[in-house]
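Chemist: Here you go, model.pdb (PDB, C-alpha atoms, pLDDT in the B column):
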```
ATOM      1  CA  LYS A 223     -12.873  -7.133 -14.167  1.00 66.00           C
ATOM      2  CA  ALA A 224      -9.298  -6.106 -15.028  1.00 79.00           C
ATOM      3  CA  GLY A 225      -7.119  -4.910 -12.187  1.00 91.00           C
ATOM      4  CA  VAL A 226      -4.987  -1.801 -11.905  1.00 95.00           C
ATOM      5  CA  THR A 227      -2.390  -1.704 -14.659  1.00 96.00           C
ATOM      6  CA  GLN A 228       0.859   0.237 -14.660  1.00 97.00           C
ATOM      7  CA  THR A 229       3.240   0.911 -17.492  1.00 97.00           C
ATOM      8  CA  PRO A 230       6.063   0.479 -17.969  1.00 97.00           C
ATOM      9  CA  ARG A 231       6.897  -2.249 -15.454  1.00 95.00           C
ATOM     10  CA  TYR A 232      10.622  -1.468 -15.497  1.00 96.00           C
ATOM     11  CA  LEU A 233      12.514   1.673 -16.355  1.00 96.00           C
ATOM     12  CA  ILE A 234      16.159   2.719 -16.267  1.00 98.00           C
ATOM     13  CA  LYS A 235      17.062   6.393 -16.384  1.00 97.00           C
ATOM     14  CA  THR A 236      20.105   8.515 -15.617  1.00 97.00           C
ATOM     15  CA  ARG A 237      20.436  11.373 -13.144  1.00 98.00           C
ATOM     16  CA  GLY A 238      18.967  14.628 -14.363  1.00 97.00           C
ATOM     17  CA  GLN A 239      16.489  13.023 -16.744  1.00 98.00           C
ATOM     18  CA  GLN A 240      12.754  13.078 -16.278  1.00 98.00           C
ATOM     19  CA  VAL A 241      10.321  10.184 -16.312  1.00 98.00           C
ATOM     20  CA  THR A 242       6.577   9.654 -16.740  1.00 98.00           C
ATOM     21  CA  LEU A 243       4.768   6.654 -15.316  1.00 98.00           C
ATOM     22  CA  SER A 244       1.251   5.636 -16.229  1.00 98.00           C
ATOM     23  CA  CYS A 245      -1.579   4.037 -14.280  1.00 98.00           C
ATOM     24  CA  SER A 246      -4.945   2.762 -15.483  1.00 98.00           C
ATOM     25  CA  PRO A 247      -7.389   2.221 -12.626  1.00 96.00           C
ATOM     26  CA  ILE A 248     -10.009  -0.468 -12.314  1.00 94.00           C
ATOM     27  CA  SER A 249     -13.034   0.356 -14.451  1.00 94.00           C
ATOM     28  CA  GLY A 250     -15.428   2.524 -12.483  1.00 91.00           C
ATOM     29  CA  HIS A 251     -12.800   3.685  -9.998  1.00 92.00           C
ATOM     30  CA  ARG A 252     -12.398   7.436  -9.922  1.00 92.00           C
ATOM     31  CA  SER A 253      -9.602   7.871  -7.389  1.00 91.00           C
ATOM     32  CA  VAL A 254      -5.960   7.111  -8.105  1.00 94.00           C
ATOM     33  CA  SER A 255      -3.200   7.290  -5.506  1.00 94.00           C
ATOM     34  CA  TRP A 256       0.546   6.962  -5.957  1.00 96.00           C
ATOM     35  CA  TYR A 257       3.048   5.508  -3.499  1.00 95.00           C
ATOM     36  CA  GLN A 258       6.830   5.188  -3.495  1.00 96.00           C
ATOM     37  CA  GLN A 259       8.398   2.062  -2.006  1.00 94.00           C
ATOM     38  CA  THR A 260      12.093   1.957  -1.107  1.00 92.00           C
ATOM     39  CA  PRO A 261      14.021  -0.387   1.186  1.00 86.00           C
ATOM     40  CA  GLY A 262      15.026   2.492   3.447  1.00 84.00           C
ATOM     41  CA  GLN A 263      11.821   4.526   3.697  1.00 86.00           C
ATOM     42  CA  GLY A 264       9.248   1.817   3.069  1.00 88.00           C
ATOM     43  CA  LEU A 265       5.935   2.739   1.486  1.00 91.00           C
ATOM     44  CA  GLN A 266       5.220   6.436   1.341  1.00 91.00           C
ATOM     45  CA  PHE A 267       2.181   8.230  -0.008  1.00 91.00           C
ATOM     46  CA  LEU A 268       2.852  10.626  -2.870  1.00 95.00           C
ATOM     47  CA  PHE A 269      -0.541  12.009  -3.903  1.00 92.00           C
ATOM     48  CA  GLU A 270      -4.133  11.178  -4.720  1.00 92.00           C
ATOM     49  CA  TYR A 271      -6.193  12.327  -7.694  1.00 94.00           C
ATOM     50  CA  PHE A 272      -9.942  12.373  -7.998  1.00 91.00           C
ATOM     51  CA  SER A 273     -11.939  13.814 -10.882  1.00 90.00           C
ATOM     52  CA  GLU A 274      -8.769  15.241 -12.438  1.00 93.00           C
ATOM     53  CA  THR A 275      -7.908  17.161  -9.250  1.00 94.00           C
ATOM     54  CA  GLN A 276      -5.205  16.488  -6.702  1.00 93.00           C
ATOM     55  CA  ARG A 277      -7.051  15.780  -3.482  1.00 88.00           C
ATOM     56  CA  ASN A 278      -4.252  14.766  -1.108  1.00 86.00           C
ATOM     57  CA  LYS A 279      -0.514  15.209  -1.160  1.00 90.00           C
ATOM     58  CA  GLY A 280       2.328  13.562   0.700  1.00 90.00           C
ATOM     59  CA  ASN A 281       5.604  15.071   1.762  1.00 91.00           C
ATOM     60  CA  PHE A 282       7.613  14.957  -1.470  1.00 95.00           C
ATOM     61  CA  PRO A 283       9.460  17.722  -3.329  1.00 96.00           C
ATOM     62  CA  GLY A 284       7.911  19.541  -6.238  1.00 96.00           C
ATOM     63  CA  ARG A 285       9.910  17.409  -8.680  1.00 97.00           C
ATOM     64  CA  PHE A 286       7.181  14.840  -8.181  1.00 98.00           C
ATOM     65  CA  SER A 287       3.955  15.730  -9.933  1.00 97.00           C
ATOM     66  CA  GLY A 288       0.962  14.010 -11.356  1.00 97.00           C
ATOM     67  CA  ARG A 289      -2.236  14.429 -13.251  1.00 97.00           C
ATOM     68  CA  GLN A 290      -5.418  12.599 -13.965  1.00 97.00           C
ATOM     69  CA  PHE A 291      -7.366  12.460 -17.183  1.00 97.00           C
ATOM     70  CA  SER A 292     -11.098  12.474 -17.736  1.00 96.00           C
ATOM     71  CA  ASN A 293     -11.092   8.671 -18.104  1.00 95.00           C
ATOM     72  CA  SER A 294      -9.473   8.431 -14.615  1.00 95.00           C
ATOM     73  CA  ARG A 295      -6.149   7.270 -15.993  1.00 97.00           C
ATOM     74  CA  SER A 296      -3.267   8.935 -14.178  1.00 98.00           C
ATOM     75  CA  GLU A 297       0.321   9.795 -14.901  1.00 98.00           C
ATOM     76  CA  MET A 298       3.101  10.591 -12.498  1.00 98.00           C
ATOM     77  CA  ASN A 299       6.124  12.634 -13.507  1.00 98.00           C
ATOM     78  CA  VAL A 300       9.475  12.973 -11.804  1.00 98.00           C
ATOM     79  CA  SER A 301      11.800  15.654 -13.126  1.00 96.00           C
ATOM     80  CA  THR A 302      15.544  16.050 -12.597  1.00 97.00           C
ATOM     81  CA  LEU A 303      15.948  12.488 -11.385  1.00 98.00           C
ATOM     82  CA  GLU A 304      18.211  11.740  -8.444  1.00 97.00           C
ATOM     83  CA  LEU A 305      19.764   8.442  -7.422  1.00 97.00           C
ATOM     84  CA  GLY A 306      17.444   8.346  -4.415  1.00 96.00           C
ATOM     85  CA  ASP A 307      14.423   8.278  -6.685  1.00 97.00           C
ATOM     86  CA  SER A 308      15.174   4.649  -7.510  1.00 97.00           C
ATOM     87  CA  ALA A 309      12.147   2.831  -6.158  1.00 96.00           C
ATOM     88  CA  LEU A 310       9.061   0.802  -6.871  1.00 95.00           C
ATOM     89  CA  TYR A 311       6.235   3.201  -7.693  1.00 97.00           C
ATOM     90  CA  LEU A 312       2.828   1.809  -6.890  1.00 96.00           C
ATOM     91  CA  CYS A 313      -0.499   3.073  -8.075  1.00 95.00           C
ATOM     92  CA  ALA A 314      -3.768   2.279  -6.306  1.00 93.00           C
ATOM     93  CA  SER A 315      -7.339   2.938  -7.316  1.00 93.00           C
ATOM     94  CA  ARG A 316     -10.611   3.026  -5.438  1.00 88.00           C
ATOM     95  CA  ARG A 317     -14.195   3.783  -6.279  1.00 84.00           C
ATOM     96  CA  SER A 318     -14.451   6.849  -4.055  1.00 70.00           C
ATOM     97  CA  GLU A 319     -18.098   7.752  -4.503  1.00 60.00           C
ATOM     98  CA  GLY A 320     -18.132  10.275  -1.692  1.00 54.00           C
ATOM     99  CA  ARG A 321     -16.998   7.689   0.829  1.00 55.00           C
ATOM    100  CA  SER A 322     -13.550   7.763   2.363  1.00 52.00           C
ATOM    101  CA  THR A 323     -13.733   4.158   3.366  1.00 57.00           C
ATOM    102  CA  ASP A 324     -13.722   2.125   0.197  1.00 71.00           C
ATOM    103  CA  THR A 325     -10.760  -0.105  -0.379  1.00 79.00           C
ATOM    104  CA  GLN A 326      -7.656   0.685  -2.382  1.00 84.00           C
ATOM    105  CA  TYR A 327      -6.517  -1.850  -4.967  1.00 89.00           C
ATOM    106  CA  PHE A 328      -2.897  -1.770  -6.021  1.00 92.00           C
ATOM    107  CA  GLY A 329      -1.203  -2.303  -9.350  1.00 94.00           C
ATOM    108  CA  PRO A 330       2.009  -4.337  -9.808  1.00 93.00           C
ATOM    109  CA  GLY A 331       4.178  -1.233  -9.745  1.00 95.00           C
ATOM    110  CA  THR A 332       6.821   0.343 -11.950  1.00 96.00           C
ATOM    111  CA  ARG A 333      10.390  -0.302 -10.875  1.00 96.00           C
ATOM    112  CA  LEU A 334      12.490   2.770 -11.628  1.00 97.00           C
ATOM    113  CA  THR A 335      16.268   2.578 -11.501  1.00 97.00           C
ATOM    114  CA  VAL A 336      18.256   5.810 -11.683  1.00 98.00           C
ATOM    115  CA  LEU A 337      21.915   5.454 -12.659  1.00 97.00           C
TER
ATOM    116  CA  GLY B  30       1.828  12.204  11.889  1.00 66.00           C
ATOM    117  CA  GLU B  31       0.982   8.547  12.144  1.00 74.00           C
ATOM    118  CA  ASP B  32       3.767   6.163  13.108  1.00 87.00           C
ATOM    119  CA  VAL B  33       3.358   2.441  12.434  1.00 92.00           C
ATOM    120  CA  GLU B  34       5.700  -0.225  13.801  1.00 94.00           C
ATOM    121  CA  GLN B  35       6.057  -3.846  12.770  1.00 95.00           C
ATOM    122  CA  SER B  36       8.660  -6.509  13.384  1.00 92.00           C
ATOM    123  CA  LEU B  37      10.762  -6.939  10.259  1.00 93.00           C
ATOM    124  CA  PHE B  38      10.977 -10.726  10.212  1.00 96.00           C
ATOM    125  CA  LEU B  39       8.934 -13.755  11.255  1.00 97.00           C
ATOM    126  CA  SER B  40       9.778 -17.384  10.612  1.00 97.00           C
ATOM    127  CA  VAL B  41       7.309 -20.229  11.214  1.00 97.00           C
ATOM    128  CA  ARG B  42       6.995 -23.896  10.390  1.00 97.00           C
ATOM    129  CA  GLU B  43       4.596 -25.004   7.730  1.00 96.00           C
ATOM    130  CA  GLY B  44       1.254 -25.879   9.319  1.00 97.00           C
ATOM    131  CA  ASP B  45       1.796 -23.680  12.380  1.00 97.00           C
ATOM    132  CA  SER B  46       0.010 -20.391  12.997  1.00 97.00           C
ATOM    133  CA  SER B  47       1.704 -17.100  12.163  1.00 97.00           C
ATOM    134  CA  VAL B  48       1.013 -13.979  14.191  1.00 98.00           C
ATOM    135  CA  ILE B  49       2.112 -10.653  12.775  1.00 98.00           C
ATOM    136  CA  ASN B  50       1.906  -7.660  15.094  1.00 97.00           C
ATOM    137  CA  CYS B  51       1.537  -3.972  14.450  1.00 95.00           C
ATOM    138  CA  THR B  52       1.398  -0.921  16.709  1.00 95.00           C
ATOM    139  CA  TYR B  53       0.296   2.537  15.631  1.00 92.00           C
ATOM    140  CA  THR B  54       0.059   5.953  17.182  1.00 90.00           C
ATOM    141  CA  ASP B  55      -2.954   7.682  15.657  1.00 82.00           C
ATOM    142  CA  SER B  56      -5.923   6.885  17.882  1.00 77.00           C
ATOM    143  CA  SER B  57      -8.300   8.401  15.334  1.00 78.00           C
ATOM    144  CA  SER B  58      -7.595   5.602  12.841  1.00 78.00           C
ATOM    145  CA  THR B  59     -10.957   4.269  11.819  1.00 80.00           C
ATOM    146  CA  TYR B  60      -9.967   1.554   9.361  1.00 85.00           C
ATOM    147  CA  LEU B  61      -6.988  -0.723   9.720  1.00 89.00           C
ATOM    148  CA  TYR B  62      -5.842  -2.715   6.700  1.00 91.00           C
ATOM    149  CA  TRP B  63      -3.574  -5.665   6.121  1.00 95.00           C
ATOM    150  CA  TYR B  64      -1.847  -6.003   2.757  1.00 95.00           C
ATOM    151  CA  LYS B  65       0.351  -8.782   1.376  1.00 96.00           C
ATOM    152  CA  GLN B  66       3.213  -8.257  -1.073  1.00 94.00           C
ATOM    153  CA  GLU B  67       4.811 -11.153  -2.881  1.00 92.00           C
ATOM    154  CA  PRO B  68       8.218 -10.773  -4.570  1.00 86.00           C
ATOM    155  CA  GLY B  69       8.072  -8.519  -7.605  1.00 79.00           C
ATOM    156  CA  ALA B  70       4.404  -7.780  -7.137  1.00 83.00           C
ATOM    157  CA  GLY B  71       2.188  -4.965  -5.918  1.00 87.00           C
ATOM    158  CA  LEU B  72       0.129  -5.009  -2.738  1.00 91.00           C
ATOM    159  CA  GLN B  73      -2.810  -7.343  -2.339  1.00 91.00           C
ATOM    160  CA  LEU B  74      -5.508  -6.427   0.168  1.00 89.00           C
ATOM    161  CA  LEU B  75      -5.963  -9.272   2.634  1.00 93.00           C
ATOM    162  CA  THR B  76      -8.488  -7.922   5.064  1.00 92.00           C
ATOM    163  CA  TYR B  77      -9.404  -4.893   7.127  1.00 90.00           C
ATOM    164  CA  ILE B  78     -11.135  -4.130  10.384  1.00 91.00           C
ATOM    165  CA  PHE B  79     -13.208  -1.182  11.542  1.00 89.00           C
ATOM    166  CA  SER B  80     -12.036   0.511  14.711  1.00 86.00           C
ATOM    167  CA  ASN B  81     -15.280  -0.330  16.510  1.00 89.00           C
ATOM    168  CA  MET B  82     -14.540  -4.054  16.197  1.00 90.00           C
ATOM    169  CA  ASP B  83     -12.283  -6.208  18.358  1.00 93.00           C
ATOM    170  CA  MET B  84     -11.950  -9.153  16.039  1.00 95.00           C
ATOM    171  CA  LYS B  85     -12.626 -10.171  12.470  1.00 95.00           C
ATOM    172  CA  GLN B  86     -12.255 -13.653  11.050  1.00 95.00           C
ATOM    173  CA  ASP B  87     -12.003 -14.453   7.368  1.00 92.00           C
ATOM    174  CA  GLN B  88     -11.204 -18.093   6.587  1.00 94.00           C
ATOM    175  CA  ARG B  89      -7.604 -18.670   7.759  1.00 96.00           C
ATOM    176  CA  LEU B  90      -7.139 -15.026   8.726  1.00 97.00           C
ATOM    177  CA  THR B  91      -8.006 -13.539  12.111  1.00 97.00           C
ATOM    178  CA  VAL B  92      -7.493  -9.867  12.876  1.00 97.00           C
ATOM    179  CA  LEU B  93      -7.410  -8.701  16.474  1.00 97.00           C
ATOM    180  CA  LEU B  94      -7.594  -5.053  17.423  1.00 95.00           C
ATOM    181  CA  ASN B  95      -6.765  -3.607  20.837  1.00 94.00           C
ATOM    182  CA  LYS B  96      -7.757  -0.006  20.373  1.00 91.00           C
ATOM    183  CA  LYS B  97      -6.718   1.028  23.875  1.00 91.00           C
ATOM    184  CA  ASP B  98      -3.147  -0.151  23.282  1.00 93.00           C
ATOM    185  CA  LYS B  99      -3.254   0.739  19.560  1.00 92.00           C
ATOM    186  CA  HIS B 100      -2.189  -2.792  18.731  1.00 95.00           C
ATOM    187  CA  LEU B 101      -3.280  -4.775  15.705  1.00 95.00           C
ATOM    188  CA  SER B 102      -2.423  -8.371  14.874  1.00 97.00           C
ATOM    189  CA  LEU B 103      -2.945 -10.710  11.946  1.00 97.00           C
ATOM    190  CA  ARG B 104      -3.079 -14.426  12.609  1.00 98.00           C
ATOM    191  CA  ILE B 105      -2.710 -16.858   9.721  1.00 97.00           C
ATOM    192  CA  ALA B 106      -3.819 -20.356  10.644  1.00 97.00           C
ATOM    193  CA  ASP B 107      -2.203 -23.446   9.102  1.00 97.00           C
ATOM    194  CA  THR B 108       0.513 -21.401   7.400  1.00 97.00           C
ATOM    195  CA  GLN B 109       1.451 -22.639   3.938  1.00 96.00           C
ATOM    196  CA  THR B 110       4.450 -21.991   1.685  1.00 95.00           C
ATOM    197  CA  GLY B 111       2.243 -19.750  -0.436  1.00 94.00           C
ATOM    198  CA  ASP B 112       1.900 -17.428   2.541  1.00 96.00           C
ATOM    199  CA  SER B 113       5.558 -16.427   2.224  1.00 96.00           C
ATOM    200  CA  ALA B 114       5.479 -12.695   1.586  1.00 97.00           C
ATOM    201  CA  ILE B 115       5.828  -9.302   3.214  1.00 96.00           C
ATOM    202  CA  TYR B 116       2.797  -8.235   5.247  1.00 97.00           C
ATOM    203  CA  PHE B 117       1.965  -4.580   5.791  1.00 95.00           C
ATOM    204  CA  CYS B 118      -0.441  -3.071   8.241  1.00 94.00           C
ATOM    205  CA  ALA B 119      -1.900   0.288   7.282  1.00 91.00           C
ATOM    206  CA  PRO B 120      -4.080   2.188   9.705  1.00 87.00           C
ATOM    207  CA  GLY B 121      -5.918   5.174   8.369  1.00 77.00           C
ATOM    208  CA  GLN B 122      -8.949   7.382   8.538  1.00 67.00           C
ATOM    209  CA  GLY B 123     -10.437   5.596   5.620  1.00 61.00           C
ATOM    210  CA  ALA B 124      -8.585   4.600   2.487  1.00 57.00           C
ATOM    211  CA  GLN B 125      -7.600   8.047   1.293  1.00 65.00           C
ATOM    212  CA  LYS B 126      -4.061   8.228   2.499  1.00 70.00           C
ATOM    213  CA  LEU B 127      -2.754   5.017   3.951  1.00 80.00           C
ATOM    214  CA  VAL B 128       0.238   5.029   6.277  1.00 85.00           C
ATOM    215  CA  PHE B 129       2.151   1.770   6.061  1.00 90.00           C
ATOM    216  CA  GLY B 130       4.390  -0.007   8.505  1.00 89.00           C
ATOM    217  CA  GLN B 131       7.798  -1.223   7.340  1.00 91.00           C
ATOM    218  CA  GLY B 132       6.362  -4.647   6.617  1.00 94.00           C
ATOM    219  CA  THR B 133       6.994  -8.051   8.185  1.00 96.00           C
ATOM    220  CA  ARG B 134       8.733 -10.626   6.014  1.00 96.00           C
ATOM    221  CA  LEU B 135       7.144 -14.016   6.716  1.00 97.00           C
ATOM    222  CA  THR B 136       9.292 -17.055   5.962  1.00 97.00           C
ATOM    223  CA  ILE B 137       7.882 -20.571   6.039  1.00 96.00           C
ATOM    224  CA  ASN B 138      10.127 -23.459   7.061  1.00 92.00           C
ATOM    225  CA  PRO B 139       9.280 -26.972   5.866  1.00 86.00           C
TER
END
```
Go ahead and express the file in the form of structure tokens.
Modeler:
Amino acid sequence: KAGVTQTPRYLIKTRGQQVTLSCSPISGHRSVSWYQQTPGQGLQFLFEYFSETQRNKGNFPGRFSGRQFSNSRSEMNVSTLELGDSALYLCASRRSEGRSTDTQYFGPGTRLTVL
Amino acid sequence: GEDVEQSLFLSVREGDSSVINCTYTDSSSTYLYWYKQEPGAGLQLLTYIFSNMDMKQDQRLTVLLNKKDKHLSLRIADTQTGDSAIYFCAPGQGAQKLVFGQGTRLTINP
């Protein structure tokens, strides 16, 4: 079974631009979560989507948004990019059939550099 | 909110055991995960333990949980060069919203 895939793997943008990252979950997984990883702040939870609805949200500004499509694929958008948004953005999927306990599987991440 | 602490670095000799420690603050954590991250890669789930267990063994990996002290450890027996990576503990009330420690960078010396 294919794992979680993320595109693109690398991205370079300039301040003020916006960016969209994509995540395809493992087949059959309905929940997709997004995390930001930086050297200073470590791994931080952004949000989780399930059945096209945001189910959980971390403590990030409104510039960070996401959505999920009917096929469970998810996109994350960051508007008005700042230098501090440079990070590895990780997507994770899980089956989530009414249980909060099933495991999250992570993709390889998208490395975003903001110049 | 949950606070998770890990040592940043650990260096061991090849063939020795590695013990990576983690402390957390949320006593309601029901599932405690260990993830491994190799350079340039995402996170790979290694193992997890339920909060009603004290120990879980999975091949070379042993997880110990002291719920009273909110202390979790991961022991890797017979450490190999392929074990070089950053290890994250992530306690949580299930897998919905994991809270990660800063990660422990494990270096293997020949």
Chemist: With the PyMOL selection byres ((chain A and resi 294-298) around 12) as the selection, what would be picked from this file? Answer as an NGL selection string, please.
Modeler: :A and (226-230 or 240-258 or 268-276 or 284-293 or 299-301 or 311-318 or 332)
Chemist: Store the residues of this selection in a file with C-alpha atoms, as a short mmCIF file (atom, residue, chain, number, x, y, z; two decimals), keeping the file's coordinate frame.
Modeler:
```
data_model
loop_
_atom_site.label_atom_id
_atom_site.label_comp_id
_atom_site.auth_asym_id
_atom_site.auth_seq_id
_atom_site.Cartn_x
_atom_site.Cartn_y
_atom_site.Cartn_z
CA VAL A 226 -4.99 -1.80 -11.90
CA THR A 227 -2.39 -1.70 -14.66
CA GLN A 228 0.86 0.24 -14.66
CA THR A 229 3.24 0.91 -17.49
CA PRO A 230 6.06 0.48 -17.97
CA GLN A 240 12.75 13.08 -16.28
CA VAL A 241 10.32 10.18 -16.31
CA THR A 242 6.58 9.65 -16.74
CA LEU A 243 4.77 6.65 -15.32
CA SER A 244 1.25 5.64 -16.23
CA CYS A 245 -1.58 4.04 -14.28
CA SER A 246 -4.94 2.76 -15.48
CA PRO A 247 -7.39 2.22 -12.63
CA ILE A 248 -10.01 -0.47 -12.31
CA SER A 249 -13.03 0.36 -14.45
CA GLY A 250 -15.43 2.52 -12.48
CA HIS A 251 -12.80 3.68 -10.00
CA ARG A 252 -12.40 7.44 -9.92
CA SER A 253 -9.60 7.87 -7.39
CA VAL A 254 -5.96 7.11 -8.10
CA SER A 255 -3.20 7.29 -5.51
CA TRP A 256 0.55 6.96 -5.96
CA TYR A 257 3.05 5.51 -3.50
CA GLN A 258 6.83 5.19 -3.50
CA LEU A 268 2.85 10.63 -2.87
CA PHE A 269 -0.54 12.01 -3.90
CA GLU A 270 -4.13 11.18 -4.72
CA TYR A 271 -6.19 12.33 -7.69
CA PHE A 272 -9.94 12.37 -8.00
CA SER A 273 -11.94 13.81 -10.88
CA GLU A 274 -8.77 15.24 -12.44
CA THR A 275 -7.91 17.16 -9.25
CA GLN A 276 -5.20 16.49 -6.70
CA GLY A 284 7.91 19.54 -6.24
CA ARG A 285 9.91 17.41 -8.68
CA PHE A 286 7.18 14.84 -8.18
CA SER A 287 3.96 15.73 -9.93
CA GLY A 288 0.96 14.01 -11.36
CA ARG A 289 -2.24 14.43 -13.25
CA GLN A 290 -5.42 12.60 -13.96
CA PHE A 291 -7.37 12.46 -17.18
CA SER A 292 -11.10 12.47 -17.74
CA ASN A 293 -11.09 8.67 -18.10
CA ASN A 299 6.12 12.63 -13.51
CA VAL A 300 9.48 12.97 -11.80
CA SER A 301 11.80 15.65 -13.13
CA TYR A 311 6.24 3.20 -7.69
CA LEU A 312 2.83 1.81 -6.89
CA CYS A 313 -0.50 3.07 -8.07
CA ALA A 314 -3.77 2.28 -6.31
CA SER A 315 -7.34 2.94 -7.32
CA ARG A 316 -10.61 3.03 -5.44
CA ARG A 317 -14.20 3.78 -6.28
CA SER A 318 -14.45 6.85 -4.06
CA THR A 332 6.82 0.34 -11.95
#
```
Chemist: Do me a favour and pick out the residues of chain B within 10 Å of chain A, using all atoms listed in the file, as a PyMOL selection string.
Modeler: chain B and resi 59-60+62+64+66+69-74+76-77+79+117+121-132
Chemist: Find the residues around Asp83 of chain B up to 10 Å (all atoms listed in the file counted), leave out those fewer than 5 positions away in its own chain, and share them as an mmCIF file with C-alpha atoms, in the coordinates of the input.
Modeler:
```
data_model
loop_
_atom_site.group_PDB
_atom_site.id
_atom_site.type_symbol
_atom_site.label_atom_id
_atom_site.label_comp_id
_atom_site.auth_asym_id
_atom_site.auth_seq_id
_atom_site.Cartn_x
_atom_site.Cartn_y
_atom_site.Cartn_z
ATOM 1 C CA ILE B 78 -11.135 -4.130 10.384
ATOM 2 C CA VAL B 92 -7.493 -9.867 12.876
ATOM 3 C CA LEU B 93 -7.410 -8.701 16.474
ATOM 4 C CA LEU B 94 -7.594 -5.053 17.423
ATOM 5 C CA ASN B 95 -6.765 -3.607 20.837
ATOM 6 C CA LYS B 96 -7.757 -0.006 20.373
ATOM 7 C CA LEU B 101 -3.280 -4.775 15.705
#
```
Chemist: Rounded to one decimal place, report the atom CA of Leu61 of chain B-atom CA of Glu31 of chain B distance in Å.
Modeler: 12.5 Å
Chemist: Would you mind telling me which residue in B:Glu34, B:Leu39, B:Ile137, B:Trp63 lies nearest to Asp107 of chain B when using only C-alpha atoms?
Modeler: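 Looking at the shortest contact to Asp107 of chain B, the residue is B:Ile137.
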Chemist: Can you list, as a list in words, every protein, DNA or RNA residue that comes within 8 Å of Glu304 of chain A when you count all atoms listed in the file, leaving out same-chain residues fewer than 3 positions away?
Modeler: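 In the requested form, the answer reads Arg237, Gly238, Asp307, Ser308 and Val336 of chain A.
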Chemist: Could the residues in this selection be written to a file with C-alpha atoms, as a tab-separated table (two decimals), in the frame of the given file?
Modeler:
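This went into part.tsv:
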```tsv
chain	number	residue	atom	x	y	z
A	237	ARG	CA	20.44	11.37	-13.14
A	238	GLY	CA	18.97	14.63	-14.36
A	307	ASP	CA	14.42	8.28	-6.68
A	308	SER	CA	15.17	4.65	-7.51
A	336	VAL	CA	18.26	5.81	-11.68
```
Chemist: What's the separation between atom CA of Lys99 of chain B and atom CA of Glu67 of chain B, in Å to one decimal place?
Modeler: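 Separation between atom CA of Lys99 of chain B and atom CA of Glu67 of chain B: 26.6 Å.
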Chemist: Atom CA of Thr110 of chain B and atom CA of Leu90 of chain B, how far apart in Å?
Modeler: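 Computed distance, atom CA of Leu90 of chain B to atom CA of Thr110 of chain B, equals 15.2 Å.
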Chemist: Which residues would end up in the selection if the PyMOL selection byres ((chain B and resi 41) around 9) were applied here, given that I need the answer as a PyMOL selection string?
Modeler: chain B and resi 39-40+42-47+108+135-139
